[in-house]
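Participant: Just dropping this structure here.
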Amino acid sequence: MAGESSLYRYIWRHSRSEQLTVLAVALAAQPIYFLSLTLPKLIVNGAISDNDYWAAHATRNFLHLIVDIPQSLQAWLGKQWVILSGFDLARESYLLALCISFLVLVGFTGFLKFLMNTMKGRMGERLLRRLRYELVDRVLRFPSSQLRRAKQAEIASMVKDEVEPLGGFIGDAVVWPVFLAGQALTALTFILVQNVWLGLVAGGVVAAQAMIIPRLRRPILKLGKQRQLTARQLAGRVGEIVDGGADIRVHGTSNWERAEIVRRLAKIYDIRFDIYQRKYFVKSLNNFIAQMTPFVFYLIGGYLAIKGKMDVGQLLAVIVAYKDLPGPIKELIDWDLARQDVQIKYDQVMDQFHPDDMVPPELQAPLDEVPELSGDVELKNVTAVDDAGFTLLDDVELKIALDQSTAITGGAGCGKEALGLLFARAVTVKSGSVKLGSVDLSQASDAFFGRRIAYAGPDGYFFPLTLRENLLYGLKYKPGALPKNCDHAAIDRYVAEARRAGNPDFLTDVDWLDYEALGARTPAEITDRIAEILDVVGLEYDVYQFGLQSRLDPKANPAAAERVVEARHALRARLQAENLSSLVESFDPGVYNRNASLAENLLFGASLDPELQASALPHLPHFRRVVAEEGLEGELVAMGLSIAETMIELFRDFPPDHPFFEEFSFIPAAELPAYQAIVKRAKTGGATYADRSQLSILPLRYVEARHRLGLITPQIRERLLAARRTFADTLPDDLRPRIEFYSPDHYNAAANLQDNILFGRISYGIAEAGTRVNAVMRDVLDRLDVRDVIIDAGLAYGAGAAGKRLTPAQRQKLGLARALIKNADFLVLNSVVSGLDDQQKSDIVDRVLAYRRGRGTVWVLTKDDLAPRFDRVVTFDHGRVVGDRTREAGARVAAQ
């Protein structure tokens with residue numbers, strides 16, 4: 001694609017054989033089409049109208065196909081063209097045979113069109129697949145400077161949307177104009193054969209259309225180019241709004257962004273409306289020109305028929321043939337417009353995907369064996385610049401050993417960050433060389449760099465995958481072997497089609513992990529390895545908490561579910577043994593849980609269905625029916641009235657944004673006035689059905705141990721327990737599979753791991769109850785070796801788009817962990833924990849240095865106070881090395 005400036009050359013280069021095959025089908029269809037035009041004349045003149053012949057003859061020859069040549073052309077072409085001889089048939093049989101032949105020819109022509117369109121569609125989609133792959137391949141080979149300048153929304157829009165019309169055109173690029181021109185020429189030739197003058201009239205109209213319409217459509221193409229550019233810019237601007245949404249809200253500039261979008265939409269509207277006006281004017285003019293010809297045919301042809309110079313069958317055949325002429329001509333003109341349009345789109349896309357200094361494709365090819373990094377890392381007279389040409393590193397000479405840790409220090413803008421970016425290949429080396437052992441950095445393959453070098457910066461990108469997938473992402477260097485139980489036939493078809501489309505035969509279904517670098521093979525070993533790295537970077541606790549809030553599928557992992565239930569019983573026994581049972585109120589089918597809400601007590605289970613969550617119970621018909629059968633409506637309304645009065649009394653003087661509303665109030669600040677009116681009506685006996693419904697919802701969030709309003713009396717408690725049993729016993733069959741009730745000896749698939757282990761609620765009102773319970777629970781899980789189950793579940797937590805579900809500190813730790821787990825020979829950390837507090841930084845630096853002891857590690861520090869912990873300290877200023885000392889030299893200086 002790199003050298004293909006013309007779309008046609010690109011199409012012909014990659015689909016020559018398919019184009020010729022479809023072209024052969026298109027050419028084969030033309031004689032059949034000509035015969036289908038000849039048959040109506042034979043039916044009218046030979047079977048229906050020729051009474052004189054049938055009066056004198058009993059039969060007529062069928063399939064004796066001839067073409068009468070006009071007298072003016074007989075001197076060159078002869079009187080008749082004999083297509084076939086044939087056999088004799090009676091008149092009715094002759095008519096039937098002709099009609100059936102016409103139907104067969106029309107059907108066969110339709111079949112050829114179907115075959116041709118199917119082949120064109122496959123060819124177009126295959127070439128579109130090739131083009132899209134090549135565009136993405138070029139994005140992967142963009143230099144760092146181009147990646148910084150490019151807007152992801154615009155690039156995505158070009159790959160997805162702007163090349164989409166090319167797929168439809170590719171199949172039509174060669175075949176369709178030939179097919180349409182063949183149809184038009186066949187119809188025009190047939191008309192000429194019937195009558196030269198009518199043929200010349202038809203040809204003149206076609207010539208006029210071919211000259212006038214394309215000229216009128218040229219401004220439309222220019223407008224289409226403007227529309228494409230403005231739409232692409234709009235996509236980029238929307239992408240900026242999404243990326244900068246938080247800053248837009250911080251600065252209160254949302255209305256400015258709206259104004260900016262309105263301006264862009266107005267520009268697109270003006271362009272599109274201009275296109276519509278011009279397009280439909282041209283369409284109307286084209287239709288008018290096309291309709292002029294039948295007028296001439298009826299006038300002149302009718303006159304000739306009246307004068308006996310042309311028979312009615314010929315005139316009918318001419319009119320039928322012309323009926324098929326405007327269609328191909330119009331489609332040819334449309335095709336020419338589409339050709340120019342897609343060429344413009346192709347040119348515009350290619351302009352964006354041909355930056356200078358692209359990474360050579362051979363440097364990104366997978367390697368079976370990655371060379372070792374032997375020798376020191378050495379910078380010789382390196383000068384590096386940024387995108388604007390400003391010098392970041394100035395004639396730097398530096399040699400870094402692979403068996404020591406090196407701290408890079410200096411003030412802001414001193415060039416130390418540029419040194420880190422140099423090893424991420426994110427700055428441009430203007431002069432000098434960077435040697436990675438015996439390999440020059442500029443010639444290092446991706447496989448070598450990814451396996452032997454690890455880099456982490458302060459703002460690494462994370463894909464919308466799980467934490468596990470993001471952590472192991474840096475270990476996917478090359479595809480592994482196919483699994484033994486795979487469908488080899490399906491894979492062979494997949495690979496064959498990929499090769500035909502010019503795609504590499506890489507498979508995502510195979511295992512890409514580099515287990516040698518990972519140092520683990522079994523799932524348990526991998527989890528232990530990940531847990532070790534998480535502990536080094538201080539992310540283990542976060543992943544552990546993610547795991548506790550995650551769910552486990554007991555069908556997919558029954559052994560893990562059994563271990564969780566075992567941990568549940570062990571935790572309860574441990575709490576009892578240490579007299580801590582009061583910290584957790586366990587779920588018991590026959591006991592009302594004071595630390596759970598009223599709705600949770602009634603449901604006494606968990607569900608993944610939003611309609612069966614505790615908060616959604618009021619909208620569930622089965623719940624309302626149970627409440628009515630148990631006679632709880634009045635109690636719920638009375639409890640709701642009591643809660644509403646208390647909330648109004650406590651919160652009516654608080655401002656709407658007071659945090660107490662979020663933490664304690666049952667009623668949002670905006671709804672307090674409405675509830676005041678409801679309470680007033682209820683006290684005067686004028687409460688409506690809607691008022692009672694609103695009041696009955698309030699108690700469902702009520703937690704007796706937390707809110708302590710004394711609403712759950714012993715009598716109400718017993719009635720609620722009865723309602724709980726009725727709710728479960730009478731649950732409709734369609735709801736039963738969607739809810740799982742709590743059972744002491746079974747894992748609840750709809751509840752998270754923490755709820756399954758606790759099997760209850762932490763008690764309110766006891767100091768540090770949650771902290772104490774979590775400590776005991778963690779110890780129990782460690783003793784039972786269930787921690788790996790929790791970590792596994794936590795690693796399945798989704799990082800979100802660009803890792804936005806994680807905090808900035810978590811993202812930095814995850815980036816550091818992703819670099820460490822590669823177990824690379826040379827590790828470069830560039831201000832990687834800048835978002836953490838000093839104590840966290842100190843602890844992580846100590847753990848990383850201990851983990852990497854004796855291996856090459858370069859750490860660009862944001863603060864110099866951590867430098868003494870490293871074997872060597874290099875100081876930068878104004879892009880130059882101004883200090884270089886080892887730990888021993890530093891110790892001697894300190895002693896003096």
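To be explicit about the labels: the chains of the structure tokens are called A, B, and onward in the order shown, and within each one the residues are counted from 1, while ligands get numbers from 1 in the order they are shown.
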List the neighbours of region 718-721 of chain A out to 9 Å using only C-alpha atoms; skip same-chain residues closer than 4 positions along the sequence, and give me the result as a ChimeraX atom specification.

Facilitator: /A:589-592,598,601-602,630-632,713-714,725-726

Participant: Taking the backbone alone, and naming residues the way the document does, which bits of region 322-564 of chain A are strand (DSSP E or B) by DSSP, as a PDB file with C-alpha atoms, in the first residue's frame?

Facilitator:
```pdb
ATOM      1  CA  VAL A 377      23.663  -0.112  27.704  1.00  0.00           C
ATOM      2  CA  GLU A 378      25.666   2.729  26.192  1.00  0.00           C
ATOM      3  CA  LEU A 379      24.782   6.218  24.965  1.00  0.00           C
ATOM      4  CA  LYS A 380      27.402   7.798  22.696  1.00  0.00           C
ATOM      5  CA  ASN A 381      27.114  11.532  21.985  1.00  0.00           C
ATOM      6  CA  VAL A 382      23.324  11.310  22.020  1.00  0.00           C
ATOM      7  CA  THR A 383      21.361  14.438  21.181  1.00  0.00           C
ATOM      8  CA  ALA A 384      17.590  14.053  21.323  1.00  0.00           C
ATOM      9  CA  VAL A 385      14.889  16.553  20.366  1.00  0.00           C
ATOM     10  CA  THR A 391      16.907  19.862  22.492  1.00  0.00           C
ATOM     11  CA  LEU A 392      16.077  17.477  25.331  1.00  0.00           C
ATOM     12  CA  LEU A 393      19.379  15.636  25.604  1.00  0.00           C
ATOM     13  CA  ASP A 394      22.593  17.347  24.568  1.00  0.00           C
ATOM     14  CA  ASP A 395      25.609  15.230  23.575  1.00  0.00           C
ATOM     15  CA  VAL A 396      25.047  12.684  26.366  1.00  0.00           C
ATOM     16  CA  GLU A 397      27.744  10.090  27.069  1.00  0.00           C
ATOM     17  CA  LEU A 398      26.578   7.393  29.484  1.00  0.00           C
ATOM     18  CA  LYS A 399      27.237   3.711  30.089  1.00  0.00           C
ATOM     19  CA  ILE A 400      24.834   1.707  32.282  1.00  0.00           C
ATOM     20  CA  SER A 405      20.548  -0.011  39.950  1.00  0.00           C
ATOM     21  CA  THR A 406      20.880   3.558  38.695  1.00  0.00           C
ATOM     22  CA  ALA A 407      19.005   6.612  39.915  1.00  0.00           C
ATOM     23  CA  ILE A 408      18.564   9.516  37.487  1.00  0.00           C
ATOM     24  CA  THR A 409      18.164  12.819  39.330  1.00  0.00           C
ATOM     25  CA  THR A 428      13.757  11.513  18.373  1.00  0.00           C
ATOM     26  CA  VAL A 429      17.506  10.847  18.394  1.00  0.00           C
ATOM     27  CA  LYS A 430      19.000  13.604  16.258  1.00  0.00           C
ATOM     28  CA  SER A 431      22.581  12.411  16.500  1.00  0.00           C
ATOM     29  CA  GLY A 432      24.661   9.833  18.313  1.00  0.00           C
ATOM     30  CA  SER A 433      23.792   6.225  19.045  1.00  0.00           C
ATOM     31  CA  VAL A 434      22.145   4.153  21.769  1.00  0.00           C
ATOM     32  CA  LYS A 435      23.513   0.632  22.121  1.00  0.00           C
ATOM     33  CA  LEU A 436      21.620  -2.112  23.935  1.00  0.00           C
ATOM     34  CA  VAL A 439      22.102  -3.960  19.282  1.00  0.00           C
ATOM     35  CA  ASP A 440      21.501  -0.398  18.146  1.00  0.00           C
ATOM     36  CA  ILE A 453      13.621  -4.068  27.898  1.00  0.00           C
ATOM     37  CA  ALA A 454      10.798  -3.088  30.261  1.00  0.00           C
ATOM     38  CA  TYR A 455       9.560   0.471  30.599  1.00  0.00           C
ATOM     39  CA  ALA A 456       6.968   2.122  32.829  1.00  0.00           C
ATOM     40  CA  THR A 466      -9.345  -7.160  33.073  1.00  0.00           C
ATOM     41  CA  LYS A 476       2.429 -11.463  24.388  1.00  0.00           C
ATOM     42  CA  LEU A 513       2.080 -15.743  26.823  1.00  0.00           C
TER      43      LEU A 513
END
```

Participant: Excluding same-chain residues fewer than 2 positions from Asp553 (chain A), what lies within 10 Å of it counting only C-alpha atoms, as JSON, numbers by chain?

Facilitator: {"A": [551, 555, 556, 557, 558, 560, 561, 747, 748, 749, 750]}

Participant: Go through region 469-551 of chain A residue by residue and, counting only C-alpha atoms, keep those with an atom at most 9 Å from region 810-823 of chain A; for each kept residue give the shortest atom pair and its distance in Å to one decimal, ordered by chain and increasing number, as a tab-separated table.

Facilitator:
```
residue	atom	partner	partner_atom	distance
A:Asn470	CA	A:Arg818	CA	7.4
A:Leu471	CA	A:Arg818	CA	4.7
A:Leu472	CA	A:Arg818	CA	6.7
A:Tyr473	CA	A:Arg818	CA	7.6
A:Gly474	CA	A:Lys822	CA	6.6
A:Leu475	CA	A:Lys822	CA	6.2
A:Asp514	CA	A:Lys822	CA	8.8
A:Ala517	CA	A:Asn823	CA	5.8
A:Leu518	CA	A:Lys822	CA	6.3
A:Gly519	CA	A:Asn823	CA	8.4
A:Arg529	CA	A:Ile821	CA	8.1
A:Ile530	CA	A:Ile821	CA	7.4
A:Ile533	CA	A:Ala817	CA	6.0
A:Leu534	CA	A:Ala817	CA	6.5
A:Val536	CA	A:Ala817	CA	8.0
A:Val537	CA	A:Lys813	CA	5.8
A:Gly538	CA	A:Lys813	CA	7.1
A:Leu539	CA	A:Lys813	CA	6.4
A:Asp542	CA	A:Gln810	CA	8.0
```

Participant: Going by DSSP on the backbone, which residues of region 698-891 of chain A come out as helix (DSSP H, G or I)? List them as a PyMOL selection string.

Facilitator: chain A and resi 698-701+704-707+714-729+736-738+753-758+769-783+787-795+801-803+808-820+838-851+864-869+887-891

Participant: I'd like the contact shell of region 220-223 of chain A - 10 Å cut-off, only C-alpha atoms, skipping same-chain residues fewer than 3 positions apart - returned as a PyMOL selection string.

Facilitator: chain A and resi 214-217+226-229+271-272+274-279+282+337-338+340-342+344
